[in-house]
Every structure is written in C-alpha cells, then in structure tokens.
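Source file: run14.txt; contents: compact mmCIF, C-alpha atoms and all ligand atoms.
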# COMPACT_ATOMS: atom_id res chain seq x y z
CA MET A 74 101.48 100.81 98.86
CA ASN A 75 103.28 98.32 101.13
CA GLU A 76 104.53 95.78 98.56
CA PRO A 77 108.27 95.94 99.31
CA VAL A 78 107.98 96.16 103.15
CA LEU A 79 108.63 92.74 104.69
CA GLY A 80 107.18 93.53 108.12
CA GLU A 81 103.82 94.42 106.56
CA GLN A 82 103.63 91.60 104.05
CA THR A 83 102.27 88.06 104.05
CA HIS A 84 104.07 84.84 103.22
CA ALA A 85 101.49 84.33 100.46
CA PHE A 86 102.81 87.44 98.74
CA ILE A 87 106.50 87.22 99.63
CA ARG A 88 106.99 83.66 98.40
CA GLY A 89 105.51 84.56 95.04
CA GLN A 90 108.29 87.05 94.20
CA SER A 91 111.89 86.51 93.21
CA TRP A 92 113.74 89.01 95.33
CA GLN A 93 116.78 90.62 93.72
CA ALA A 94 118.07 92.63 96.69
CA VAL A 95 117.34 93.34 100.34
CA VAL A 96 117.66 96.59 102.34
CA LEU A 97 118.44 96.44 106.08
CA PRO A 98 118.05 99.77 107.94
CA PHE A 99 120.08 100.57 111.07
CA GLY A 100 118.75 103.14 113.59
CA ALA A 101 119.41 104.03 117.22
CA THR A 102 117.57 104.84 120.45
CA GLU A 103 119.19 107.92 121.98
CA PRO A 104 118.49 111.47 123.17
CA HIS A 105 118.31 114.14 120.45
CA ASN A 106 118.73 117.58 122.08
CA LEU A 107 115.65 118.41 124.19
CA HIS A 108 113.14 118.51 121.36
CA MET A 109 113.31 115.34 119.24
CA PRO A 110 112.20 111.77 119.99
CA TYR A 111 114.61 108.98 120.92
CA GLY A 112 113.57 107.09 117.82
CA THR A 113 114.63 109.90 115.45
CA ASP A 114 117.37 107.99 113.61
CA THR A 115 115.16 104.91 113.26
CA PHE A 116 112.12 106.88 112.05
CA GLN A 117 114.22 108.71 109.46
CA VAL A 118 115.90 105.62 108.07
CA GLU A 119 112.59 103.73 107.93
CA GLU A 120 110.89 106.56 106.06
CA LEU A 121 113.75 106.77 103.57
CA GLY A 122 113.97 103.00 103.12
CA ARG A 123 110.24 102.77 102.51
CA ARG A 124 110.23 105.55 99.92
CA ALA A 125 113.31 104.29 98.09
CA CYS A 126 112.13 100.66 97.97
CA GLN A 127 108.65 101.72 96.88
CA ARG A 128 110.07 103.76 93.98
CA ALA A 129 112.45 100.97 93.01
CA TRP A 130 109.53 98.52 93.08
CA GLU A 131 107.50 100.78 90.80
CA SER A 132 110.45 100.75 88.36
CA GLY A 133 110.35 96.95 88.34
CA ALA A 134 113.10 96.18 90.87
CA ARG A 135 112.24 93.39 93.30
CA VAL A 136 113.85 94.94 96.37
CA VAL A 137 112.46 94.34 99.85
CA LEU A 138 112.85 96.49 102.99
CA LEU A 139 113.56 94.61 106.24
CA PRO A 140 112.48 96.00 109.63
CA ALA A 141 114.91 98.58 111.04
CA ILE A 142 117.25 97.64 113.89
CA PRO A 143 116.24 100.15 116.59
CA PHE A 144 119.39 99.82 118.74
CA GLY A 145 122.75 101.26 117.73
CA VAL A 146 126.22 101.96 119.10
CA ASN A 147 125.91 104.63 121.82
CA THR A 148 128.72 103.60 124.15
CA ASN A 149 129.68 107.29 124.47
CA HIS A 150 126.17 108.39 125.58
CA LEU A 151 126.00 106.48 128.82
CA LYS A 152 127.19 109.26 131.14
CA ILE A 153 124.57 111.78 130.02
CA PRO A 154 122.43 112.49 133.11
CA GLY A 155 119.03 110.85 132.71
CA ALA A 156 119.66 109.86 129.10
CA LEU A 157 118.38 106.29 128.95
CA ALA A 158 120.26 105.68 125.71
CA CYS A 159 120.08 102.02 124.62
CA SER A 160 123.52 101.01 123.39
CA VAL A 161 124.95 97.90 121.81
CA THR A 162 128.65 97.41 121.04
CA PRO A 163 130.03 97.15 117.49
CA THR A 164 130.75 93.47 118.26
CA THR A 165 127.07 92.85 118.95
CA LEU A 166 126.10 94.55 115.70
CA LEU A 167 128.61 92.33 113.90
CA HIS A 168 127.08 89.17 115.40
CA PHE A 169 123.60 90.35 114.52
CA LEU A 170 124.54 91.25 110.96
CA SER A 171 126.44 88.01 110.54
CA ASP A 172 123.33 85.99 111.49
CA ILE A 173 121.06 87.99 109.17
CA VAL A 174 123.52 87.61 106.27
CA ASP A 175 123.74 83.88 106.92
CA SER A 176 119.97 83.48 106.97
CA LEU A 177 119.51 85.53 103.79
CA GLU A 178 122.30 83.65 102.01
CA ARG A 179 120.73 80.26 102.83
CA GLN A 180 117.51 81.53 101.22
CA GLY A 181 119.19 82.62 97.99
CA ILE A 182 119.65 86.36 98.55
CA ARG A 183 122.90 87.66 97.03
CA LYS A 184 122.62 91.45 97.32
CA LEU A 185 122.25 93.31 100.60
CA VAL A 186 122.22 97.06 101.23
CA LEU A 187 122.95 98.28 104.76
CA LEU A 188 121.06 101.56 105.12
CA ASN A 189 122.53 103.39 108.09
CA GLY A 190 120.95 106.35 109.86
CA HIS A 191 123.15 106.71 112.97
CA GLY A 192 126.68 108.15 113.04
CA GLY A 193 127.79 105.84 115.87
CA ASN A 194 127.11 102.78 113.71
CA GLU A 195 130.32 102.42 111.73
CA LEU A 196 129.39 99.49 109.53
CA LYS A 197 132.27 99.32 107.09
CA PRO A 198 134.53 97.27 109.40
CA LEU A 199 131.60 94.84 109.77
CA MET A 200 131.47 94.38 106.00
CA ARG A 201 135.21 93.66 106.03
CA GLU A 202 134.66 91.00 108.69
CA LEU A 203 132.12 89.22 106.50
CA HIS A 204 133.62 89.84 103.07
CA HIS A 205 135.57 86.58 102.75
CA ARG A 206 132.99 84.48 104.58
CA THR A 207 129.85 85.08 102.54
CA LYS A 208 128.70 84.98 98.93
CA VAL A 209 126.34 87.87 99.61
CA PHE A 210 127.39 91.19 98.10
CA ILE A 211 127.06 93.65 100.99
CA CYS A 212 127.19 97.40 100.48
CA LEU A 213 126.67 100.37 102.77
CA CYS A 214 124.73 103.61 102.41
CA ASP A 215 125.14 106.09 105.27
CA TRP A 216 122.24 108.17 103.95
CA TYR A 217 123.58 111.53 105.19
CA ARG A 218 126.81 110.98 103.22
CA MET A 219 124.84 110.24 100.07
CA VAL A 220 123.37 113.77 100.12
CA ALA A 221 126.21 115.81 101.66
CA ASP A 222 126.05 118.21 98.69
CA ALA A 223 122.29 118.77 99.12
CA ILE A 224 122.67 119.21 102.88
CA SER A 225 125.17 122.04 102.47
CA ARG A 226 122.94 123.68 99.85
CA ILE A 227 119.57 123.45 101.67
CA PHE A 228 120.51 124.08 105.30
CA GLU A 229 121.87 127.22 106.98
CA LYS A 230 123.64 125.79 110.02
CA LYS A 231 126.21 123.00 110.11
CA GLY A 232 125.45 120.21 112.53
CA GLU A 233 125.27 116.49 113.00
CA HIS A 234 122.86 115.49 115.74
CA ALA A 235 119.33 116.83 116.33
CA ASP A 236 120.47 119.67 114.11
CA GLU A 237 118.67 121.67 111.42
CA VAL A 238 118.73 118.63 109.08
CA GLU A 239 117.28 116.09 111.50
CA THR A 240 114.80 118.59 112.92
CA SER A 241 113.56 119.46 109.42
CA LEU A 242 113.07 115.76 108.65
CA GLY A 243 111.21 115.40 111.94
CA LEU A 244 108.96 118.38 111.18
CA ALA A 245 108.21 116.85 107.77
CA PHE A 246 107.66 113.20 108.70
CA PHE A 247 106.87 112.92 112.44
CA PRO A 248 105.86 116.47 113.47
CA GLU A 249 103.68 115.32 116.35
CA LEU A 250 106.85 114.11 118.13
CA VAL A 251 108.98 117.27 117.67
CA LYS A 252 108.85 120.06 120.28
CA LEU A 253 111.03 122.71 118.63
CA GLU A 254 110.32 125.26 121.38
CA LEU A 255 112.33 123.09 123.81
CA ALA A 256 115.51 123.00 121.68
CA ASP A 257 118.79 124.53 122.83
CA ASP A 258 121.34 125.96 120.37
CA GLY A 259 123.23 122.67 119.98
CA ALA A 260 126.63 124.32 120.46
CA GLU A 261 129.61 121.95 120.47
CA ARG A 262 132.12 122.38 123.28
CA GLN A 263 135.77 122.65 122.28
CA CYS A 264 138.13 120.10 123.80
CA ARG A 265 141.61 120.86 125.14
CA LEU A 266 143.45 119.27 122.18
CA ASP A 267 143.72 121.57 119.19
CA ALA A 268 144.22 118.85 116.55
CA ILE A 269 140.93 117.26 117.60
CA ASN A 270 139.06 120.57 117.37
CA ARG A 271 140.49 121.03 113.87
CA GLY A 272 139.39 117.54 112.80
CA TRP A 273 142.98 116.35 112.17
CA VAL A 274 142.69 113.71 114.87
CA ASN A 275 139.48 112.18 116.09
CA ASN A 276 138.23 110.33 119.09
CA THR A 277 134.99 108.82 120.36
CA ARG A 278 133.48 111.94 121.86
CA PRO A 279 132.10 111.67 125.40
CA TRP A 280 128.70 113.14 124.60
CA HIS A 281 128.03 114.50 128.12
CA LEU A 282 131.18 116.66 127.77
CA ALA A 283 130.97 117.55 124.06
CA THR A 284 127.39 118.88 124.17
CA SER A 285 125.11 120.77 126.56
CA ASN A 286 121.88 118.81 126.01
CA THR A 287 123.03 116.15 123.50
CA GLY A 288 122.38 118.24 120.36
CA LEU A 289 125.16 119.11 117.91
CA GLY A 290 124.12 121.89 115.54
CA ASP A 291 121.58 124.70 115.90
CA PRO A 292 118.16 123.30 114.93
CA ARG A 293 116.17 126.52 115.12
CA ALA A 294 116.10 127.32 111.38
CA ALA A 295 114.52 123.92 110.63
CA THR A 296 111.35 123.71 108.51
CA ALA A 297 109.24 120.84 107.23
CA GLU A 298 109.74 122.13 103.70
CA LYS A 299 113.53 121.72 103.96
CA GLY A 300 113.00 118.19 105.31
CA ARG A 301 110.73 117.25 102.41
CA GLU A 302 113.20 118.67 99.88
CA LEU A 303 116.06 116.64 101.34
CA MET A 304 114.00 113.45 101.57
CA GLU A 305 113.03 113.75 97.92
CA ILE A 306 116.69 113.93 96.86
CA VAL A 307 117.93 111.09 99.02
CA ALA A 308 114.96 108.81 98.18
CA GLU A 309 115.52 109.42 94.47
CA ARG A 310 119.27 108.73 94.63
CA LEU A 311 118.83 105.61 96.72
CA SER A 312 116.00 104.24 94.58
CA GLN A 313 118.07 104.72 91.41
CA PHE A 314 120.90 102.78 93.02
CA LEU A 315 118.49 100.00 94.06
CA VAL A 316 117.12 99.69 90.53
CA GLU A 317 120.64 99.44 89.12
CA LEU A 318 121.74 96.97 91.80
CA ALA A 319 118.69 94.76 91.29
CA ALA A 320 119.16 94.60 87.52
CA ALA A 321 122.92 93.95 87.54
CA PRO A 322 123.75 90.32 86.68
CA PHE A 323 125.33 88.47 89.61
CA ASP A 324 128.39 86.30 88.92
CA ASP A 325 131.87 85.58 90.31
CA LYS A 326 133.17 88.97 89.25
CA PHE A 327 130.30 91.01 90.65
CA PRO A 328 130.24 94.04 90.89
CA TYR A 329 132.97 94.32 88.23
ZN ZN A 401 120.05 111.34 114.88

Rewrite the structure from the file as structure tokens, please.
Amino acid sequence: MNEPVLGEQTHAFIRGQSWQAVVLPFGATEPHNLHMPYGTDTFQVEELGRRACQRAWESGARVVLLPAIPFGVNTNHLKIPGALACSVTPTTLLHFLSDIVDSLERQGIRKLVLLNGHGGNELKPLMRELHHRTKVFICLCDWYRMVADAISRIFEKKGEHADEVETSLGLAFFPELVKLELADDGAERQCRLDAINRGWVNNTRPWHLATSNTGLGDPRAATAEKGRELMEIVAERLSQFLVELAAAPFDDKFPY
C-alpha cells in the first residue's frame, strides 16, 4: 500500500516508473489549543496526501507523494508563553521550494502540486516568484479551502485552529495524541479596530493576544466520525484532480 510514497520507497522501484506529477505537503510545528499535538497540521496533510495519491495510483496515475515539510510560517506565535513554535519566514519557504522545484525540473518532472495544511503558509506569492523562472507547472491546494462547503455542512462550530474540524481529524487519524478533556473553548478575542473584527481589513494576528490558549474555534463537538467523513470528501476530490492532472498532455500552452 505504499507505492506512491517516496519516503517509503526504494530506488529500484522509483526508477522503474515514469512519474507524471509530484505532491509536496506543507505542515507546521505549533501549539494547537491545549489538547492537540504540535504536529497536527503535518499529520493531517500527510494523511490526506497519502490517501489521495494512493487512490490516484489505483486509477493509473503515476503521482508520487514527497515527505511533508514539518516547519511552517509561525512568526506570529513567538510571544505565546511556553509555546516552542518552530517558525520559518516566507522567504525561507521560497528558497526551499525554489531548490526543490529546480531539482525536480532537472529530473524531468513538469507538474507539481503544493498541498498546504497550515494557514500561515501563504504559498501563492511563492508560485508567482517562480512562475517565469521554471518550466514546472506549479499549483496549490490549501486542503481546507477545497472542502469549505463540506466543512460548513458537517461541523457545528466555526473555527480555524485546533477547532472542531482539526480535532475531529485528530480523533479519526491520531486519537492517541488528542486529549480532548484539556481543550478550552477556543474563543477569539476581539481587537480594538472594528474593520478587522468584521473581516474588511486583515492583519497578521498576534496569536498570544488573539487567543486564550492558541485555539480558534470551539473543539468540543468534535467526533472521529466527522473527521472520517471530511477526510473521505477531501481525499476523493484531491485524487480526482491528481488523476486529471497526471493524464493532461503537457505542452507550451499547458494548462490551456
Ligand atoms: Zn492546525
């Protein structure tokens, strides 16, 4: 069951395939309320990437999953008492991505999917930086945006960090690391500028001021069943995209 997972494969196997597309997951290492592990974003994006690539493989697409990058942009988490968040800057992510794209391009890869699982990683400007410098077609899936409709249907409480969504995924896929009884209500503090509270203007939120214990969104209605339901939808949508991407002929006008 590990055919399309590069970190678990041998050179003997990998060199025998002609790879049509590559998936690079982006995670983070950061506090998630009081009840979820620091690796939450990375675990989620790895699980999704594995399921989607496996399904795409079974449909004949030669798509391979790269190891997830476990460090993300958390520059606004560094004043949380005792947090031990591990942050890189967007510039560092750009340099990293640029090197990976260069190495893939030299080895004939032309289609790359960035699979992002952390809100602080805004990867679209990075794609713009590389667009005119590489032949590789780079596209971005922020997985939580891909299933915004399903999220509002399945879950009771709105949130964005260690919330009902993430906690449900944790209960489904890494339950031994989730301590739901420790969770607080994830209430967001209002700031003194009304337009920001309304979402008309936004800023990089200082997390130690915006939250009580780093959570945003009440996680207490989370269940493993909701997490499995969401994972099924997102894995199916992503795998269908990967199959289509892999099969699409690549030429000067791609993807048009
Ligand atoms: Zn998260």

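With atom CA of A:Cys214 on one side and atom CA of A:Leu311 on the other, the separation reads 8.4 Å.
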
Report task. Give me, please, the distance in Å between atom CA of A:Ala94 and atom CA of A:Ile224, quoted to one decimal. Result -> 27.7 Å

What are the closest atom pairs, with distances in Å to one decimal, for all residues of stretch 145-200 of chain A lying within 10 Å of stretch 103-118 of chain A? Consider only C-alpha atoms, order rows by chain and residue number, and present the result as a tab-separated table.
residue	atom	partner	partner_atom	distance
A:Gly145	CA	A:Glu103	CA	8.7
A:Val146	CA	A:Glu103	CA	9.7
A:Asn147	CA	A:Glu103	CA	7.5
A:His150	CA	A:Glu103	CA	7.9
A:Leu151	CA	A:Glu103	CA	9.8
A:Ile153	CA	A:Pro104	CA	9.2
A:Gly155	CA	A:Pro104	CA	9.6
A:Ala156	CA	A:Pro104	CA	6.3
A:Leu157	CA	A:Glu103	CA	7.2
A:Ala158	CA	A:Glu103	CA	4.5
A:Cys159	CA	A:Glu103	CA	6.5
A:Ser160	CA	A:Glu103	CA	8.3
A:Leu188	CA	A:Val118	CA	7.2
A:Asn189	CA	A:Val118	CA	7.0
A:Gly190	CA	A:Val118	CA	5.4
A:His191	CA	A:Asp114	CA	6.0
A:Gly192	CA	A:Asp114	CA	9.3

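Atom CA of A:Phe210 to atom CA of A:Arg88 spans 21.7 Å [interatomic distance, one decimal].
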
Polymer residues at most 12 Å from A:Asn275, only C-alpha atoms, same-chain spacing of 5 or more positions, as a CSV table (one decimal) with C-alpha atoms, in the coordinates of the input:
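So result-v7.csv came out as:
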chain,number,residue,atom,x,y,z
A,264,CYS,CA,138.1,120.1,123.8
A,266,LEU,CA,143.4,119.3,122.2
A,267,ASP,CA,143.7,121.6,119.2
A,268,ALA,CA,144.2,118.8,116.6
A,269,ILE,CA,140.9,117.3,117.6
A,270,ASN,CA,139.1,120.6,117.4
